[in-house]
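Structure file structure_17.txt with compact mmCIF, C-alpha atoms:
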# COMPACT_ATOMS: atom_id res chain seq x y z
CA MET X 794 -5.12 39.28 -55.72
CA LYS X 795 -5.48 38.78 -51.98
CA ILE X 796 -8.43 40.84 -50.72
CA ALA X 797 -9.52 41.02 -47.08
CA ALA X 798 -12.61 42.48 -45.45
CA ILE X 799 -12.23 44.61 -42.32
CA ILE X 800 -15.15 45.00 -39.92
CA PRO X 801 -14.65 47.21 -36.86
CA VAL X 802 -17.16 46.19 -34.18
CA LYS X 803 -17.94 48.49 -31.29
CA THR X 804 -18.82 46.98 -27.93
CA PHE X 805 -22.52 46.19 -28.24
CA SER X 806 -23.42 48.11 -25.08
CA ASN X 807 -21.95 51.27 -26.64
CA ALA X 808 -23.49 50.75 -30.07
CA LYS X 809 -26.59 52.11 -31.78
CA THR X 810 -27.44 54.66 -29.12
CA ARG X 811 -29.61 56.62 -31.57
CA LEU X 812 -32.02 53.70 -31.83
CA ASP X 813 -33.19 54.36 -28.27
CA LEU X 814 -33.71 50.66 -27.59
CA PRO X 815 -33.18 48.66 -24.38
CA PRO X 816 -29.63 47.26 -24.09
CA GLN X 817 -30.69 43.64 -24.67
CA LYS X 818 -32.48 44.52 -27.91
CA VAL X 819 -29.46 46.50 -29.13
CA GLU X 820 -27.21 43.53 -28.38
CA ASP X 821 -29.53 41.08 -30.15
CA LEU X 822 -29.81 43.39 -33.16
CA CYS X 823 -26.04 43.80 -33.36
CA LYS X 824 -25.56 40.02 -33.21
CA VAL X 825 -28.07 39.38 -36.02
CA MET X 826 -26.52 42.03 -38.27
CA LEU X 827 -22.93 40.95 -37.62
CA GLU X 828 -23.68 37.28 -38.17
CA GLU X 829 -25.42 38.01 -41.47
CA ILE X 830 -22.65 40.16 -42.93
CA LEU X 831 -20.02 37.64 -41.84
CA TYR X 832 -21.98 34.83 -43.48
CA THR X 833 -22.29 36.79 -46.72
CA ILE X 834 -18.61 37.66 -46.80
CA SER X 835 -17.64 34.08 -45.95
CA ILE X 836 -19.27 32.80 -49.16
CA SER X 837 -17.85 35.54 -51.38
CA PRO X 838 -15.25 34.01 -53.73
CA GLN X 839 -13.42 37.34 -53.97
CA ILE X 840 -12.64 37.82 -50.27
CA GLU X 841 -9.91 35.61 -48.88
CA LYS X 842 -10.10 36.59 -45.21
CA THR X 843 -12.24 38.67 -42.86
CA ILE X 844 -10.74 40.67 -40.01
CA ILE X 845 -12.86 41.71 -37.02
CA VAL X 846 -11.42 44.43 -34.81
CA THR X 847 -13.23 44.45 -31.47
CA LYS X 848 -13.14 43.77 -27.77
CA GLU X 849 -16.77 42.60 -27.67
CA LYS X 850 -16.77 38.99 -26.46
CA LYS X 851 -20.01 38.08 -28.22
CA ALA X 852 -18.67 39.48 -31.51
CA ILE X 853 -15.55 37.38 -31.07
CA GLU X 854 -17.70 34.26 -30.56
CA ILE X 855 -19.63 35.01 -33.76
CA GLY X 856 -16.42 35.72 -35.66
CA GLU X 857 -14.91 32.42 -34.62
CA LYS X 858 -17.83 30.58 -36.26
CA PHE X 859 -16.80 32.07 -39.60
CA ASN X 860 -13.05 31.56 -39.22
CA THR X 861 -12.32 35.27 -39.04
CA VAL X 862 -9.11 36.83 -37.80
CA ILE X 863 -9.83 38.54 -34.48
CA ILE X 864 -7.82 41.62 -33.54
CA ILE X 865 -8.50 42.80 -30.00
CA ASP X 866 -9.07 46.54 -29.80
CA GLU X 867 -8.70 47.17 -26.08
CA LYS X 868 -8.80 50.97 -26.36
CA GLU X 869 -11.77 51.17 -28.77
CA GLU X 870 -11.00 54.83 -29.39
CA SER X 871 -12.27 55.16 -32.96
CA VAL X 872 -13.13 53.30 -36.14
CA ASN X 873 -10.01 54.79 -37.73
CA ASP X 874 -7.77 53.32 -35.05
CA ALA X 875 -9.49 49.95 -35.45
CA VAL X 876 -8.90 50.00 -39.21
CA ALA X 877 -5.25 50.93 -38.67
CA LEU X 878 -4.81 47.84 -36.49
CA ALA X 879 -6.24 45.67 -39.27
CA ASP X 880 -4.09 47.42 -41.89
CA LYS X 881 -0.96 46.43 -40.01
CA TYR X 882 -2.03 42.78 -39.95
CA LEU X 883 -2.82 42.81 -43.67
CA LEU X 884 0.49 44.44 -44.60
CA ASP X 885 2.37 41.93 -42.46
CA ASN X 886 0.54 39.10 -44.25
CA ASP X 887 0.95 40.37 -47.81
CA PHE X 888 -2.63 41.26 -48.64
CA HIS X 889 -3.04 43.40 -51.75
CA ALA X 890 -6.33 45.14 -51.01
CA SER X 891 -8.93 45.57 -48.29
CA ILE X 892 -12.60 46.45 -47.98
CA VAL X 893 -13.82 48.18 -44.83
CA PHE X 894 -17.45 47.38 -44.07
CA PRO X 895 -19.61 48.46 -41.11
CA GLN X 896 -21.37 45.70 -39.20
CA ASP X 897 -24.85 47.19 -39.78
CA ILE X 898 -25.53 46.40 -43.45
CA PRO X 899 -27.30 43.04 -43.05
CA TYR X 900 -28.93 43.06 -46.50
CA ILE X 901 -25.59 42.88 -48.35
CA LYS X 902 -25.32 40.02 -50.87
CA THR X 903 -22.32 38.42 -52.53
CA GLN X 904 -23.30 39.86 -55.91
CA ASP X 905 -23.03 43.33 -54.37
CA ILE X 906 -19.39 42.64 -53.53
CA ASP X 907 -18.76 41.33 -57.06
CA PHE X 908 -20.43 44.38 -58.61
CA MET X 909 -18.40 46.78 -56.48
CA LEU X 910 -15.11 45.08 -57.27
CA ASN X 911 -15.77 45.29 -61.01
CA TYR X 912 -14.42 48.82 -60.68
CA LYS X 913 -11.00 47.80 -59.41
CA ALA X 914 -8.06 49.09 -61.45
CA PRO X 915 -4.70 47.78 -60.20
CA PRO X 916 -2.01 48.58 -59.20
CA ASN X 917 -3.66 51.27 -57.04
CA PHE X 918 -7.27 52.24 -56.64
CA ALA X 919 -10.03 53.24 -54.24
CA ILE X 920 -13.70 52.33 -54.40
CA ILE X 921 -16.22 54.10 -52.18
CA VAL X 922 -19.85 53.17 -51.53
CA PRO X 923 -21.65 55.92 -49.58
CA SER X 924 -24.40 55.49 -47.03
CA ARG X 925 -27.99 56.11 -48.06
CA ARG X 926 -27.83 59.73 -46.83
CA PHE X 927 -24.39 60.30 -48.36
CA ASP X 928 -22.93 61.26 -45.00
CA GLY X 929 -21.00 58.06 -44.32
CA THR X 930 -18.94 55.38 -46.04
CA ASN X 931 -20.47 51.90 -46.13
CA ALA X 932 -17.68 50.29 -48.14
CA LEU X 933 -14.14 51.49 -48.68
CA VAL X 934 -11.85 49.48 -50.94
CA ARG X 935 -8.14 50.36 -50.95
CA MET X 936 -5.27 48.97 -52.97
CA PRO X 937 -2.65 48.90 -51.63
CA VAL X 938 -3.97 48.37 -48.13
CA ASP X 939 -2.20 51.52 -46.91
CA LEU X 940 -3.18 53.67 -49.89
CA MET X 941 -4.77 56.21 -47.51
CA LYS X 942 -5.81 56.66 -43.92
CA THR X 943 -9.49 56.41 -43.11
CA HIS X 944 -11.67 59.28 -41.89
CA TYR X 945 -14.76 57.75 -40.33
CA ASP X 946 -17.12 59.74 -38.09
CA GLU X 947 -16.28 62.98 -39.94
CA ASP X 948 -18.74 63.18 -42.87
CA SER X 949 -16.57 60.36 -44.08
CA TYR X 950 -17.93 59.87 -47.59
CA LYS X 951 -16.83 63.32 -48.84
CA ILE X 952 -13.51 63.19 -47.02
CA HIS X 953 -12.74 59.69 -48.30
CA MET X 954 -13.50 60.80 -51.86
CA SER X 955 -11.20 63.81 -51.68
CA THR X 956 -8.46 61.95 -49.81
CA ALA X 957 -8.51 59.04 -52.27
CA LYS X 958 -8.07 61.45 -55.19
CA GLU X 959 -4.92 62.77 -53.53
CA HIS X 960 -3.39 59.28 -53.69
CA THR X 961 -4.60 57.72 -56.94
CA LEU X 962 -6.31 58.63 -60.21
CA ASN X 963 -8.34 55.41 -59.96
CA VAL X 964 -11.20 56.44 -57.69
CA ALA X 965 -14.71 55.07 -58.19
CA MET X 966 -17.86 56.05 -56.37
CA VAL X 967 -20.22 53.10 -56.67
CA PHE X 968 -23.89 52.94 -55.73
CA VAL X 969 -24.87 49.54 -54.36
CA LYS X 970 -28.24 49.90 -52.68
CA ARG X 971 -28.01 46.99 -50.24
CA ILE X 972 -24.60 48.18 -49.05
CA MET X 973 -25.94 51.73 -48.70
CA TRP X 974 -28.69 50.57 -46.30
CA ASP X 975 -27.18 50.86 -42.83
CA VAL X 976 -28.92 51.17 -39.46
CA ASP X 977 -28.05 54.30 -37.48
CA ASN X 978 -31.45 55.44 -36.26
CA ASN X 979 -35.11 54.42 -36.11
CA GLU X 980 -35.82 55.82 -39.56
CA ASP X 981 -33.10 53.57 -41.01
CA LEU X 982 -34.52 50.56 -39.19
CA LYS X 983 -38.04 51.28 -40.46
CA PHE X 984 -36.70 51.73 -44.01
CA LEU X 985 -34.78 48.46 -43.82
CA LEU X 986 -37.82 46.51 -42.69
CA GLU X 987 -39.84 47.90 -45.60
CA GLN X 988 -37.46 46.37 -48.15
CA LYS X 989 -38.03 42.89 -49.57
CA GLU X 990 -34.43 41.76 -49.90
CA LYS X 991 -33.92 39.30 -47.04
CA PRO X 992 -37.27 38.35 -45.49
CA GLU X 993 -35.70 35.93 -43.02
CA ILE X 994 -33.41 38.65 -41.61
CA ALA X 995 -36.27 41.14 -41.48
CA GLU X 996 -38.28 38.60 -39.49
CA LYS X 997 -35.43 38.12 -37.00
CA ILE X 998 -35.20 41.89 -36.52
CA ARG X 999 -38.96 42.22 -36.06
CA LYS X 1000 -38.93 39.50 -33.40
CA ILE X 1001 -36.21 41.38 -31.52
CA LEU X 1002 -38.13 44.65 -31.67
CA ASP X 1003 -41.40 42.97 -30.61
CA SER X 1004 -39.90 41.01 -27.73
CA LYS X 1005 -40.57 42.07 -24.14

Represent the structure of the file as structure tokens.
Amino acid sequence: MKIAAIIPVKTFSNAKTRLDLPPQKVEDLCKVMLEEILYTISISPQIEKTIIVTKEKKAIEIGEKFNTVIIIDEKEESVNDAVALADKYLLDNDFHASIVFPQDIPYIKTQDIDFMLNYKAPPNFAIIVPSRRFDGTNALVRMPVDLMKTHYDEDSYKIHMSTAKEHTLNVAMVFVKRIMWDVDNNEDLKFLLEQKEKPEIAEKIRKILDSK
């Protein structure tokens, strides 16, 4: 089974506005988080290819280090449009399934991906990992790739659950704590730094926050 990861990446200058950080710190934080998730995915034996959809030059540079497919999203209108661009590429290249990840889950580990995919049930299925507050979707697995359209930025977890059930009986909601830990606001960032999962990444983030 050919499985690809899709990561939509917003222009860093437009990202993480709720963190209320200076632009340079936001950019540095985005780079650390993106590089870490790309590294983790790159060593996952279950994921054959990673697709980044972005127009952010620094994200493209990071993606090239990990041999990702880069799709340029010049309009950057929405996450859903970005995913649709990736879906077209995957359908054209005969991928069987995809996993949409955000770029801001830096504590993800390869065993989290394995655990999540234990729930796959071909020939068609959806797997959904919610965010920590159950208001977003931090992993969305679809087989086939075009099983359903995505509904990010709209209380997406609940909508993805209901939409998936309209298209397949094989729908699994899976709790994977490190995938559920995203960074949308200062509370999330504080929570992340309190965890003991990846000390080296936590230290990089602290250095960014403490820099002048």

Study note, to complete from the structure: With distances taken over only C-alpha atoms, the candidate from X:Asp880, X:Glu869, X:Glu828, X:Asp874 nearest X:Gln896 is X:Glu828

Exercise for review: Could you jot down the atom CA of X:Arg926 to atom CA of X:Glu947 separation for me, Å, one decimal place?
Suggested key: 13.8 Å

Practice item. Give me the residues within 8 Å of X:Ile840 as a VMD selection string, counting only C-alpha atoms and dropping any in the same chain fewer than 2 places off. Key: chain X and resid 795 to 798 834 to 835 837 to 838 842 to 843

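The spacing separating atom CA of X:Ala877 from atom CA of X:Lys942 amounts to 7.8 Å.
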
**Study point:** atom CA of X:Pro923 to atom CA of X:Glu867, straight-line distance in Å
**Key:**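 Distance reported for this atom pair: 28.2 Å.
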
Practice item. Show me as a list of chain:residue names the residues that reach within 12 Å of (-21.1, 38.1, -27.4), counting only C-alpha atoms and using the file's own coordinates. Key: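 Output: X:Val802, X:Lys803, X:Thr804, X:Phe805, X:Ser806, X:Gln817, X:Val819, X:Glu820, X:Asp821, X:Leu822, X:Cys823, X:Lys824, X:Val825, X:Leu827, X:Glu828, X:Thr847, X:Lys848, X:Glu849, X:Lys850, X:Lys851, X:Ala852, X:Ile853, X:Glu854, X:Ile855, X:Gly856, X:Glu857.
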
Point to revise | Given all atoms listed in the file as the counted atoms, nearest of X:Ser891, X:Gln988, X:Thr810, X:Asn873 to X:Arg935 | key: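 Comparing X:Ser891, X:Gln988, X:Thr810, X:Asn873 against X:Arg935, the winner is X:Ser891.
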
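Nearest-residue note for X:Pro899: choosing from X:Asp981, X:Glu829, X:Asp948, X:Glu996, the minimum distance belongs to X:Glu829, counting only C-alpha atoms.
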
Check your understanding: Looking at all atoms listed in the file, which of X:Lys970, X:Lys991, X:Lys958, X:Lys1000 is the one that sits closest to X:Leu940?
Key ->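 Nearest to X:Leu940: X:Lys958.
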
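Of the listed residues (X:Gln839, X:Thr943, X:Asn807, X:Thr861), X:Thr943 comes nearest to X:Thr956; the distances count only C-alpha atoms.
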
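Nearest residue to X:Asn978 among X:Leu812, X:Ile800, X:Ala875, X:Ile994 is X:Leu812, counting all atoms listed in the file.
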
Review point. Within 12 Å of (-35.1, 48.6, -41.1), in the coordinates the file gives, what residues turn up when you count all atoms listed in the file, written out as a VMD selection string?
Key: chain X and resid 812 822 826 897 to 900 971 974 to 992 994 to 999 1002

Exercise for review: Would you mind listing what lies within 12 Å of X:Ala890 as JSON, numbers by chain, with only C-alpha atoms counted and same-chain residues fewer than 2 positions away left out?
Suggested key: {"X": [794, 795, 796, 797, 798, 799, 839, 840, 841, 842, 843, 879, 880, 883, 884, 886, 887, 888, 892, 893, 910, 913, 914, 915, 916, 917, 918, 919, 920, 933, 934, 935, 936, 937, 938, 939, 940, 941]}

Around all listed atoms of stretch 997-1003 of chain X, padded 8 Å per side, what centre and edge lengths does the axis-aligned box have in Å to one decimal, as AutoDock Vina command-line options?
--center_x -38.3 --center_y 41.4 --center_z -33.8 --size_x 22.2 --size_y 22.5 --size_z 22.4

Check your understanding: Near X:Asn931, within 6 Å and counting all atoms listed in the file, which residues show up once chain neighbours fewer than 4 positions away are dropped, as a ChimeraX atom specification?
Key -> /X:894,922-924

Exercise for review: Identify, on the basis of all atoms listed in the file, every residue whose closest approach to X:Phe908 does not exceed 10 Å; exclude the query and any residue fewer than 3 positions from it along the same chain; express the result as a ChimeraX atom specification.
Suggested key: /X:903-905,911-912,967-969
